[in-house]
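Student: My structure is stored as entry.csv, with CSV, C-alpha atoms.
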chain,number,residue,atom,x,y,z
G,121,ARG,CA,-21.4,0.8,16.1
G,122,GLU,CA,-23.0,-2.0,14.0
G,123,THR,CA,-20.7,-4.9,13.1
G,124,ARG,CA,-21.4,-7.7,10.7
G,125,ALA,CA,-19.4,-10.8,9.8
G,126,ILE,CA,-18.0,-11.4,6.3
G,127,HIS,CA,-16.1,-14.2,4.5
G,128,GLY,CA,-14.2,-14.3,1.3
G,129,GLU,CA,-12.1,-11.9,-0.8
G,130,TYR,CA,-15.1,-9.5,-1.5
G,131,PHE,CA,-18.5,-8.9,0.0
G,132,LEU,CA,-21.6,-7.1,-1.4
G,133,VAL,CA,-23.7,-4.4,0.2
G,134,PRO,CA,-27.1,-3.5,-1.4
G,135,ILE,CA,-27.6,0.2,-1.7
G,136,ASN,CA,-30.0,2.6,-3.4
G,137,THR,CA,-28.3,5.1,-5.7
G,138,ALA,CA,-31.3,7.5,-6.2
G,139,PRO,CA,-34.7,8.3,-4.6
G,140,ASN,CA,-38.0,7.5,-6.1
G,141,PHE,CA,-38.9,10.7,-7.9
G,142,PHE,CA,-42.4,9.6,-9.1
G,143,GLY,CA,-44.6,11.6,-6.7
G,144,GLY,CA,-46.5,14.9,-6.8
G,145,PRO,CA,-50.0,16.6,-7.1
G,146,ARG,CA,-52.6,15.8,-9.7
G,147,GLY,CA,-56.0,17.2,-10.6
G,148,GLU,CA,-59.3,15.3,-10.1
G,149,ALA,CA,-59.6,12.3,-12.4
G,150,ALA,CA,-56.1,13.1,-13.9
G,151,GLN,CA,-53.8,10.4,-15.0
G,152,LEU,CA,-51.4,9.3,-12.2
G,153,MET,CA,-47.7,9.4,-12.6
G,154,ASP,CA,-45.6,6.4,-13.6
G,155,VAL,CA,-44.8,3.8,-11.0
G,156,GLY,CA,-41.4,4.6,-9.5
G,157,ARG,CA,-38.9,2.5,-7.7
G,158,GLN,CA,-35.8,2.9,-5.5
G,159,PRO,CA,-32.9,2.1,-7.8
G,160,LEU,CA,-30.8,-0.5,-6.2
G,161,LYS,CA,-27.2,-1.6,-6.9
G,162,GLN,CA,-24.8,-4.0,-5.3
G,163,ALA,CA,-21.8,-2.1,-3.9
G,164,GLN,CA,-18.7,-4.3,-3.7
G,165,PHE,CA,-16.0,-3.9,-1.0
G,166,LYS,CA,-12.8,-5.7,-0.2
G,167,PRO,CA,-11.6,-6.2,3.4
G,168,ALA,CA,-8.4,-4.4,4.5
G,169,TYR,CA,-5.9,-6.7,6.2
G,170,ASN,CA,-4.0,-5.0,9.0
G,171,TYR,CA,-1.2,-6.6,11.0
G,172,TYR,CA,1.1,-5.8,14.0
G,173,ARG,CA,4.0,-7.9,15.0
G,174,PHE,CA,6.5,-8.4,17.9
G,175,GLY,CA,9.0,-11.1,18.9
G,176,PHE,CA,11.6,-12.4,21.3
G,177,THR,CA,14.9,-14.3,20.8
G,178,GLY,CA,15.2,-17.7,22.3
G,179,PRO,CA,18.1,-16.7,24.6
G,180,ALA,CA,16.0,-13.8,25.9
G,181,MET,CA,13.1,-16.2,26.6
G,182,SER,CA,15.4,-18.5,28.5
G,183,ALA,CA,17.0,-15.7,30.5
G,184,GLY,CA,13.6,-14.5,31.8
G,185,LYS,CA,12.0,-17.9,32.6
G,186,ASN,CA,13.2,-18.4,36.2
G,187,LYS,CA,12.0,-15.0,37.5
G,188,GLY,CA,8.8,-14.9,35.5
G,189,ALA,CA,10.0,-11.8,33.6
G,190,VAL,CA,9.1,-13.3,30.2
G,191,ILE,CA,5.4,-13.5,31.2
G,192,GLU,CA,5.4,-9.9,32.1
G,193,ILE,CA,7.2,-8.9,28.9
G,194,ILE,CA,4.7,-10.9,26.8
G,195,ASP,CA,1.7,-9.4,28.6
G,196,LEU,CA,3.2,-5.9,28.1
G,197,GLU,CA,3.9,-6.4,24.4
G,198,THR,CA,0.4,-7.9,23.7
G,199,GLN,CA,-1.3,-5.0,25.5
G,200,ARG,CA,0.7,-2.4,23.7
G,201,VAL,CA,0.2,-4.0,20.4
G,202,LYS,CA,-3.6,-4.1,20.9
G,203,ALA,CA,-3.5,-0.4,21.9
G,204,ASN,CA,-1.3,0.6,18.9
G,205,PHE,CA,-3.4,-1.5,16.6
G,206,LYS,CA,-6.6,0.2,17.6
G,207,GLN,CA,-5.0,3.6,17.1
G,208,MET,CA,-3.7,2.5,13.6
G,209,VAL,CA,-7.3,1.4,12.6
G,210,ASN,CA,-8.8,4.6,14.1
G,211,ARG,CA,-6.4,6.7,11.9
G,212,GLN,CA,-7.3,4.7,8.8
G,213,ALA,CA,-11.0,5.0,9.5
G,214,TYR,CA,-10.8,8.7,8.7
G,215,GLU,CA,-8.7,8.4,5.5
G,216,THR,CA,-9.1,7.5,1.9
G,217,GLY,CA,-7.5,4.0,2.0
G,218,SER,CA,-4.2,5.1,0.6
G,219,GLY,CA,-2.3,3.9,3.7
G,220,ARG,CA,-0.1,7.0,3.9
G,221,LEU,CA,0.9,8.6,7.1
G,222,ALA,CA,1.6,12.0,5.5
G,223,LYS,CA,2.3,13.6,2.1
G,224,VAL,CA,5.2,15.8,1.2
G,225,THR,CA,4.0,19.3,0.4
G,226,ALA,CA,7.2,21.1,-0.8
G,227,ASP,CA,10.1,20.0,-3.1
G,228,SER,CA,13.2,19.0,-1.2
G,229,SER,CA,16.5,19.0,-3.0
G,230,SER,CA,19.1,16.8,-1.2
G,231,SER,CA,17.9,17.9,2.2
G,232,THR,CA,17.2,16.2,5.5
G,233,THR,CA,14.2,18.5,6.2
G,234,LEU,CA,10.8,17.6,4.8
G,235,GLU,CA,7.7,19.7,4.8
G,236,VAL,CA,4.5,17.6,5.1
G,237,ASP,CA,0.8,18.1,5.5
G,238,THR,CA,0.9,16.8,9.0
G,239,THR,CA,3.2,15.1,11.5
G,240,LYS,CA,0.3,13.9,13.6
G,241,PHE,CA,1.1,10.3,13.0
G,242,LEU,CA,4.9,10.5,12.9
G,243,ARG,CA,7.3,10.2,15.8
G,244,GLN,CA,11.1,10.6,16.4
G,245,ASP,CA,13.1,7.4,15.6
G,246,GLN,CA,10.1,6.0,13.6
G,247,PRO,CA,11.1,4.0,10.5
G,248,ILE,CA,9.4,5.2,7.3
G,249,VAL,CA,9.5,4.8,3.6
G,250,ILE,CA,9.0,7.6,1.0
G,251,ALA,CA,7.5,6.9,-2.4
G,252,PRO,CA,5.6,8.7,-5.2
G,253,LYS,CA,1.8,8.6,-4.6
G,254,ASP,CA,1.1,7.0,-8.0
G,255,THR,CA,3.6,4.1,-7.9
G,256,GLY,CA,4.6,3.1,-4.4
G,257,THR,CA,8.2,2.6,-5.5
G,258,ILE,CA,10.6,3.8,-2.8
G,259,ILE,CA,12.7,6.9,-3.8
G,260,THR,CA,16.5,6.8,-3.6
G,261,GLY,CA,17.3,6.9,0.1
G,262,GLY,CA,13.7,6.9,1.0
G,263,ALA,CA,13.8,4.1,3.6
G,264,GLN,CA,15.1,5.5,6.8
G,265,ASP,CA,14.3,6.8,10.3
G,266,ILE,CA,12.9,10.1,11.4
G,267,ALA,CA,15.5,12.1,13.4
G,268,SER,CA,13.2,14.6,14.9
G,269,ILE,CA,9.8,16.4,14.5
G,270,THR,CA,10.3,20.1,14.5
G,271,ASP,CA,6.8,21.4,13.8
G,272,ILE,CA,3.3,20.3,13.0
G,273,ASP,CA,4.3,20.2,9.4
G,274,THR,CA,8.0,19.7,9.4
G,275,LEU,CA,10.3,16.7,10.1
G,276,VAL,CA,14.0,16.0,9.9
G,277,LEU,CA,15.4,12.7,8.5
G,278,THR,CA,18.7,11.0,9.3
G,279,THR,CA,19.9,11.2,5.7
G,280,ALA,CA,19.3,13.8,3.0
G,281,VAL,CA,16.8,12.9,0.2
G,282,THR,CA,15.4,14.6,-2.9
G,283,ALA,CA,11.6,14.4,-2.6
G,284,ASP,CA,8.8,15.8,-4.7
G,285,GLY,CA,6.0,17.9,-3.0
G,286,THR,CA,3.8,18.6,-6.1
G,287,GLY,CA,2.5,17.0,-9.3
G,288,THR,CA,2.0,13.4,-10.2
G,289,ASP,CA,5.2,12.4,-8.6
G,290,GLN,CA,4.3,14.0,-5.3
G,291,ASN,CA,5.8,11.8,-2.5
G,292,TYR,CA,3.9,10.1,0.3
G,293,ILE,CA,5.2,8.8,3.6
G,294,PHE,CA,4.2,5.2,4.3
G,295,PRO,CA,4.7,2.9,7.4
G,296,VAL,CA,7.8,0.7,7.0
G,297,GLY,CA,7.3,-3.0,6.5
G,298,GLY,CA,11.0,-4.2,6.5
G,299,ALA,CA,10.9,-5.2,2.8
G,300,ALA,CA,12.3,-3.4,-0.3
G,301,ALA,CA,8.8,-3.0,-1.6
G,302,ALA,CA,7.4,-1.8,1.7
G,303,ALA,CA,5.7,1.2,0.3
G,304,ALA,CA,4.0,-0.7,-2.5
G,305,LEU,CA,2.9,-3.4,0.0
G,306,ALA,CA,1.1,-0.7,2.1
G,307,ARG,CA,-0.1,1.6,-0.7
G,308,ASN,CA,-3.9,1.6,-1.2
G,309,LYS,CA,-4.4,-1.4,1.1
G,310,ALA,CA,-5.8,0.4,4.1
G,311,ILE,CA,-9.4,0.8,5.4
G,312,SER,CA,-11.5,2.9,3.1
G,313,GLY,CA,-12.5,5.6,5.6
G,314,LEU,CA,-14.6,8.7,5.9
G,315,LYS,CA,-12.7,10.8,3.5
G,316,ALA,CA,-13.3,8.3,0.7
G,317,ALA,CA,-16.9,7.7,1.5
G,318,ILE,CA,-18.0,11.3,2.1
G,319,TYR,CA,-16.7,12.7,-1.2
G,320,LYS,CA,-18.3,14.0,-4.3
G,321,TYR,CA,-16.4,11.9,-6.8
G,322,ASP,CA,-14.3,8.8,-7.1
G,323,PRO,CA,-11.6,8.5,-4.4
G,324,ALA,CA,-8.9,8.3,-7.1
G,325,GLU,CA,-9.2,12.1,-7.3
G,326,LEU,CA,-7.9,12.2,-3.8
G,327,ASP,CA,-5.2,9.5,-4.0
G,328,PRO,CA,-4.2,7.9,-7.3
G,329,GLY,CA,-4.9,4.2,-7.7
G,330,LEU,CA,-7.8,3.9,-5.4
G,331,ALA,CA,-10.9,2.0,-6.6
G,332,ASP,CA,-14.3,3.6,-7.0
G,333,TYR,CA,-16.1,3.6,-3.6
G,334,GLY,CA,-18.0,0.3,-3.5
G,335,LEU,CA,-17.0,-0.1,-7.2
G,336,ILE,CA,-19.8,2.3,-8.1
G,337,ASP,CA,-18.6,5.1,-10.4
G,338,ARG,CA,-19.2,8.6,-9.0
G,339,GLY,CA,-17.3,10.2,-11.9
G,340,THR,CA,-15.1,13.2,-11.8
G,341,SER,CA,-15.5,16.9,-11.1
G,342,THR,CA,-16.0,17.5,-14.8
G,343,ALA,CA,-18.3,14.5,-15.3
G,344,PRO,CA,-20.1,13.5,-12.0
G,345,LYS,CA,-22.2,10.3,-11.9
G,346,ASN,CA,-24.3,8.6,-9.3
G,347,GLN,CA,-24.4,11.7,-7.1
G,348,TRP,CA,-27.0,10.1,-4.7
G,349,TRP,CA,-24.0,7.8,-3.8
G,350,ALA,CA,-21.8,10.9,-3.2
G,351,GLY,CA,-21.3,12.5,0.2
G,352,GLN,CA,-22.3,16.1,1.1
G,353,TYR,CA,-19.0,17.9,0.8
G,354,SER,CA,-17.4,21.4,1.2
G,355,ASP,CA,-13.8,22.3,0.8
G,356,ASN,CA,-14.3,26.1,1.1
G,357,ASP,CA,-13.3,26.4,-2.6
G,358,GLY,CA,-9.8,25.4,-1.5
G,359,ALA,CA,-9.3,28.4,0.7
G,360,SER,CA,-8.6,28.1,4.5
G,361,ARG,CA,-10.7,30.0,7.0
G,362,ASP,CA,-12.0,29.7,10.6
G,363,LEU,CA,-14.8,27.2,11.4
G,364,LYS,CA,-18.1,29.0,12.3
G,365,ILE,CA,-21.3,27.7,13.7
G,366,LYS,CA,-23.0,28.6,10.4
G,367,ASP,CA,-20.7,26.0,8.7
G,368,ILE,CA,-22.1,23.3,10.9
G,369,MET,CA,-25.7,24.5,10.2
G,370,VAL,CA,-25.0,24.4,6.4
G,371,GLY,CA,-23.7,20.8,6.8
G,372,LEU,CA,-26.8,19.7,8.9
G,373,THR,CA,-29.1,21.3,6.3
G,374,ASP,CA,-27.3,19.6,3.4
G,375,VAL,CA,-27.6,16.2,5.0
G,376,GLU,CA,-31.3,16.6,5.6
G,377,THR,CA,-32.4,18.4,2.4
G,378,LYS,CA,-30.1,16.7,-0.1
G,379,GLY,CA,-29.4,13.4,1.4
G,380,GLY,CA,-32.6,12.7,3.4
G,381,GLY,CA,-30.5,11.9,6.5
G,382,LYS,CA,-30.3,13.0,10.1
G,383,VAL,CA,-26.9,13.8,11.7
G,384,LYS,CA,-26.4,12.0,15.0
G,385,ILE,CA,-22.9,13.1,15.8
G,386,GLY,CA,-20.1,15.5,14.6
G,387,ILE,CA,-16.4,14.7,14.9
G,388,THR,CA,-13.5,17.1,14.5
G,389,THR,CA,-10.0,17.9,15.7
G,390,PRO,CA,-9.3,19.2,19.3
G,391,GLU,CA,-8.3,22.6,17.8
G,392,LEU,CA,-11.5,23.0,15.8
G,393,TRP,CA,-13.6,21.7,18.7
G,394,HIS,CA,-12.1,24.5,20.8
G,395,GLN,CA,-13.1,27.1,18.2
G,396,ILE,CA,-16.7,25.8,18.4
G,397,ALA,CA,-16.7,25.8,22.2
G,398,LEU,CA,-15.5,29.4,22.3
G,399,GLN,CA,-18.4,30.5,20.0
G,400,ILE,CA,-20.9,28.7,22.1
G,401,TYR,CA,-19.6,29.5,25.6
G,402,PRO,CA,-20.9,33.1,25.7
G,403,ASP,CA,-24.4,31.7,25.2
G,404,ARG,CA,-23.9,29.4,28.2
G,405,ARG,CA,-24.6,26.3,26.1
G,406,ILE,CA,-22.0,24.0,27.6
G,407,PRO,CA,-23.4,22.5,30.8
G,408,GLN,CA,-20.8,20.6,33.0
G,409,ASP,CA,-22.6,17.3,32.5
G,410,MET,CA,-22.3,17.1,28.7
G,411,LYS,CA,-20.7,13.8,28.3
G,412,LEU,CA,-21.4,10.9,25.9
G,413,GLU,CA,-21.2,7.2,26.8
G,414,GLY,CA,-17.5,6.4,27.1
G,415,GLY,CA,-16.6,9.8,28.6
G,416,TRP,CA,-16.4,11.9,25.4
G,417,ARG,CA,-16.9,15.6,26.1
G,418,TYR,CA,-19.1,17.4,23.6
G,419,VAL,CA,-20.5,20.7,22.6
G,420,ASN,CA,-24.1,20.9,21.4
G,421,VAL,CA,-25.0,22.5,18.1
G,422,ALA,CA,-28.7,22.3,17.1
G,423,ASP,CA,-29.0,19.2,19.4
G,424,VAL,CA,-26.1,17.5,17.6
G,425,PRO,CA,-23.2,16.5,19.9
G,426,ILE,CA,-19.8,17.6,18.4
G,427,ILE,CA,-16.8,15.6,19.9
G,428,TYR,CA,-13.1,15.8,19.1
G,429,ASP,CA,-10.7,13.0,18.2
G,430,PRO,CA,-6.9,13.6,18.0
G,431,ASP,CA,-6.8,11.2,15.0
G,432,CYS,CA,-9.3,13.3,13.0
G,433,PRO,CA,-7.5,14.8,9.9
G,434,LYS,CA,-6.3,18.4,10.2
G,435,GLY,CA,-8.8,21.2,9.4
G,436,THR,CA,-11.7,18.7,9.0
G,437,LEU,CA,-15.2,18.4,10.4
G,438,PHE,CA,-17.4,15.3,9.8
G,439,LEU,CA,-21.2,15.3,10.4
G,440,LEU,CA,-22.4,11.7,10.5
G,441,ASP,CA,-25.6,9.9,10.2
G,442,THR,CA,-24.4,6.9,12.2
G,443,ASP,CA,-27.3,4.7,11.0
G,444,THR,CA,-25.5,4.5,7.6
G,445,TRP,CA,-22.2,3.1,8.9
G,446,ILE,CA,-21.3,-0.6,9.4
G,447,TRP,CA,-18.0,-2.3,10.3
G,448,TYR,CA,-17.6,-5.6,8.5
G,449,GLU,CA,-15.1,-8.1,9.9
G,450,GLU,CA,-14.1,-11.7,9.4
G,451,GLU,CA,-13.5,-12.1,13.1
G,452,PRO,CA,-12.7,-9.8,16.1
G,453,LEU,CA,-9.2,-8.3,16.4
G,454,GLY,CA,-6.8,-11.0,17.8
G,455,PHE,CA,-3.5,-12.8,17.3
G,456,ILE,CA,-2.8,-15.5,14.7
G,457,GLU,CA,-2.7,-18.8,16.5
G,458,ASP,CA,-1.1,-22.2,15.7
G,459,ASP,CA,-3.0,-25.5,15.8
G,460,ALA,CA,-2.5,-25.7,19.5
G,461,GLY,CA,-3.9,-22.2,20.1
G,462,ALA,CA,-0.5,-20.5,20.9
G,463,ILE,CA,0.2,-17.0,19.6
G,464,LEU,CA,4.1,-17.3,19.8
G,465,MET,CA,5.4,-19.0,16.7
G,466,ARG,CA,8.8,-20.6,16.4
G,467,GLN,CA,11.1,-19.2,13.7
G,468,ASP,CA,13.8,-21.9,13.7
G,469,THR,CA,12.6,-23.6,10.5
G,470,GLY,CA,12.4,-22.7,6.8
G,471,SER,CA,15.1,-21.2,4.5
G,472,THR,CA,16.1,-18.5,7.0
G,473,PRO,CA,15.8,-20.1,10.5
G,474,LYS,CA,16.3,-18.0,13.6
G,475,HIS,CA,16.2,-18.9,17.3
G,476,GLU,CA,13.3,-16.6,18.1
G,477,PHE,CA,9.6,-16.5,18.6
G,478,THR,CA,7.1,-14.0,17.0
G,479,ALA,CA,3.5,-13.0,17.4
G,480,THR,CA,1.2,-11.4,14.9
G,481,ALA,CA,-2.0,-9.5,15.6
G,482,TRP,CA,-4.3,-9.1,12.7
G,483,TRP,CA,-7.8,-7.8,11.8
G,484,SER,CA,-9.6,-8.3,8.5
G,485,SER,CA,-12.2,-5.7,8.3
G,486,GLN,CA,-13.7,-2.8,6.3
G,487,LEU,CA,-15.8,0.3,7.2
G,488,VAL,CA,-18.7,0.7,4.9
G,489,CYS,CA,-21.2,3.6,4.4
G,490,LYS,CA,-24.5,2.5,3.0
G,491,ASN,CA,-25.5,6.0,2.1
G,492,PRO,CA,-22.8,8.7,1.8
G,493,ALA,CA,-25.4,11.3,0.9
G,494,ARG,CA,-26.6,11.3,4.5
G,495,ASN,CA,-23.2,12.5,5.7
G,496,TRP,CA,-21.1,15.7,5.4
G,497,GLN,CA,-17.5,16.5,5.3
G,498,GLY,CA,-16.0,20.0,5.7
G,499,LEU,CA,-12.3,20.7,4.8
G,500,ASN,CA,-9.7,23.5,5.0
G,501,PHE,CA,-10.6,25.0,8.3
G,502,ASN,CA,-7.9,26.9,10.1
G,503,GLU,CA,-6.3,25.4,13.2
Would you give me this structure, written as structure tokens?
Tutor:
Amino acid sequence: RETRAIHGEYFLVPINTAPNFFGGPRGEAAQLMDVGRQPLKQAQFKPAYNYYRFGFTGPAMSAGKNKGAVIEIIDLETQRVKANFKQMVNRQAYETGSGRLAKVTADSSSSTTLEVDTTKFLRQDQPIVIAPKDTGTIITGGAQDIASITDIDTLVLTTAVTADGTGTDQNYIFPVGGAAAAAALARNKAISGLKAAIYKYDPAELDPGLADYGLIDRGTSTAPKNQWWAGQYSDNDGASRDLKIKDIMVGLTDVETKGGGKVKIGITTPELWHQIALQIYPDRRIPQDMKLEGGWRYVNVADVPIIYDPDCPKGTLFLLDTDTWIWYEEEPLGFIEDDAGAILMRQDTGSTPKHEFTATAWWSSQLVCKNPARNWQGLNFNE
């Protein structure tokens, strides 16, 4: 990946929003066409601020000092936080920037059972908050723990709630932050990922309240704008069906003919990857040595490696021109340090002092696509 440093609340990325159309044949001594240019605009992005925290009480620190246990505990916590942090960012890199973990898909009337679009990022005993997608205000009883996960699209809460699964008040599930306004704090603050960039129109059509991608208006389904800034996109007209090799070929063709790009890699879910592999295997197109750097197994379709990622959204295939993607960051992922360089902060001062020590990992970053038209997203494939 390409990574660039940024500073400040916003940063600008120069992009072209249309090709130069002034070219074509002419007869001998005929007047030439007008002079054309590549239209340029400044796309504006804002970093996403992600955090992960852990802590110890003072007595626990003292109890473990003599046997060196506290060092082992701190090392374990820091390593796990880094691993969890990377998974959190990887999940966000696929999404719209809404920050949600799942969305409720069916109305629930005073019930502990919720039907959602996916439980992929939910776990038993996980604290969550439930809020309407357009406000972020927690519903009555919406801050609680998950009692169990019973299916890929069903979870059970500890206490019954009434949740909306349709309409403008459709409820989303957000990560808990420990504050009354936890959902509002997380809503629309995440990384603006692949689903937002590789889309035909403004991301607000996907999740309410999201800003235009790069603050460049792509319009709506009834009034599209700046379509050179839009991604190649297919949702199968809203109908679900199996993924076929021809779907991949359509995506590759769209990227080359409509966007002028060249797909370098495809990413999908393990289930869809298996569907592709089953179609290719009879043709003996899966040699044993087909691995990318880092150990990723892939299948080859038209010389494009297709890999799988468990964090990829359900029923989705992305075809990416990796030359168009950049990670912008203020500094590499790390822990907030005090003036002495320590990551453990004392909490025995202030209006609510406690005898404890806390550490906070953070990363200020944003994933940016310089040319969404050179990428493709396919949705609604059966798993």
Student: At a cut-off of 12 Å, using only C-alpha atoms, what residues contact range 462-466 of chain G? Leave out same-chain residues fewer than 5 positions from it and give the result as an MDAnalysis selection string.
Tutor: chainID G and resid 173:178 181 194:195 197:198 454:457 473:482
Student: Please, what distance in Å, to one decimal, runs between CA of Trp393 in chain G and CA of Ile293 in chain G?
Tutor: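 The value is 27.3 Å.
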Student: For a quick check of understanding, using only C-alpha atoms, which of G:Asp271, G:Glu215, G:Asp374, G:Asp284 has the smallest distance to Ser231 in chain G?
Tutor: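 Smallest distance to Ser231 in chain G is found for G:Asp284.
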Student: What does the distance from CA of Ala226 in chain G to CA of Asp289 in chain G come to in Å, to one decimal?
Tutor: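 Separation of CA of Ala226 in chain G and CA of Asp289 in chain G: 11.9 Å.
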Student: Could you please determine the separation between CA of Ile336 in chain G and CA of Tyr169 in chain G in Å, to one decimal place?
Tutor: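 CA of Tyr169 in chain G lies 21.9 Å from CA of Ile336 in chain G.
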Student: Can you tell me, as an MDAnalysis selection string, what residues are no more than 7 Å from range 248-263 of chain G when counting all atoms listed in the file, ignoring any on the same chain fewer than 5 positions away?
Tutor: chainID G and resid 281 288:296 301 303:304 307 328:329
Student: Excluding Val276 in chain G and its own-chain neighbours fewer than 4 positions away, which residues fall within 8 Å of it when counting only C-alpha atoms? Please give them as number ranges by chain.
Tutor: G: 232-234, 266-270
Student: Of the candidates G:Thr225, G:Asn308, G:Ser360, G:Gln467, which one gets nearest to Leu275 in chain G if we count only C-alpha atoms?
Tutor: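 With only C-alpha atoms as the atom set, the closest residue is G:Thr225.
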Student: Could you check the closest approach to Asp357 in chain G for each of G:Gln162, G:Thr239, G:Asn500, G:Thr137 and tell me which residue wins, using only C-alpha atoms?
Tutor: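 Of all the options, G:Asn500 lies closest to Asp357 in chain G.
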Student: Tell me which of G:Leu499, G:Val421, G:Ile385, G:Ala283 sits closest to Ala359 in chain G, counting only C-alpha atoms.
Tutor: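 Distance minimum relative to Ala359 in chain G lands on G:Leu499.
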Student: Determine the nearest neighbour of Gly358 in chain G from the options G:Asp429, G:Lys161, G:Asn502, G:Glu192, counting only C-alpha atoms.
Tutor: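 The answer is G:Asn502, which sits nearest to Gly358 in chain G.
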Student: For Trp496 in chain G, which residue out of G:Gly381, G:Pro323, G:Gly287, G:Gly371 is the nearest one, using only C-alpha atoms?
Tutor: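 Of the candidates, the smallest distance to Trp496 in chain G is held by G:Gly371.
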Student: Which residues are near Gly339 in chain G? Cut-off 10 Å, only C-alpha atoms, ignore same chain within fewer than 2 positions. Put them as a count of residues only.
Tutor: 17
Student: Would you mind listing what lies within 12 Å of Ile400 in chain G as JSON, numbers by chain, with all atoms listed in the file counted and same-chain residues fewer than 6 positions away left out?
Tutor: {"G": [364, 365, 366, 393, 394, 406, 407, 418, 419, 420, 421, 422, 426]}
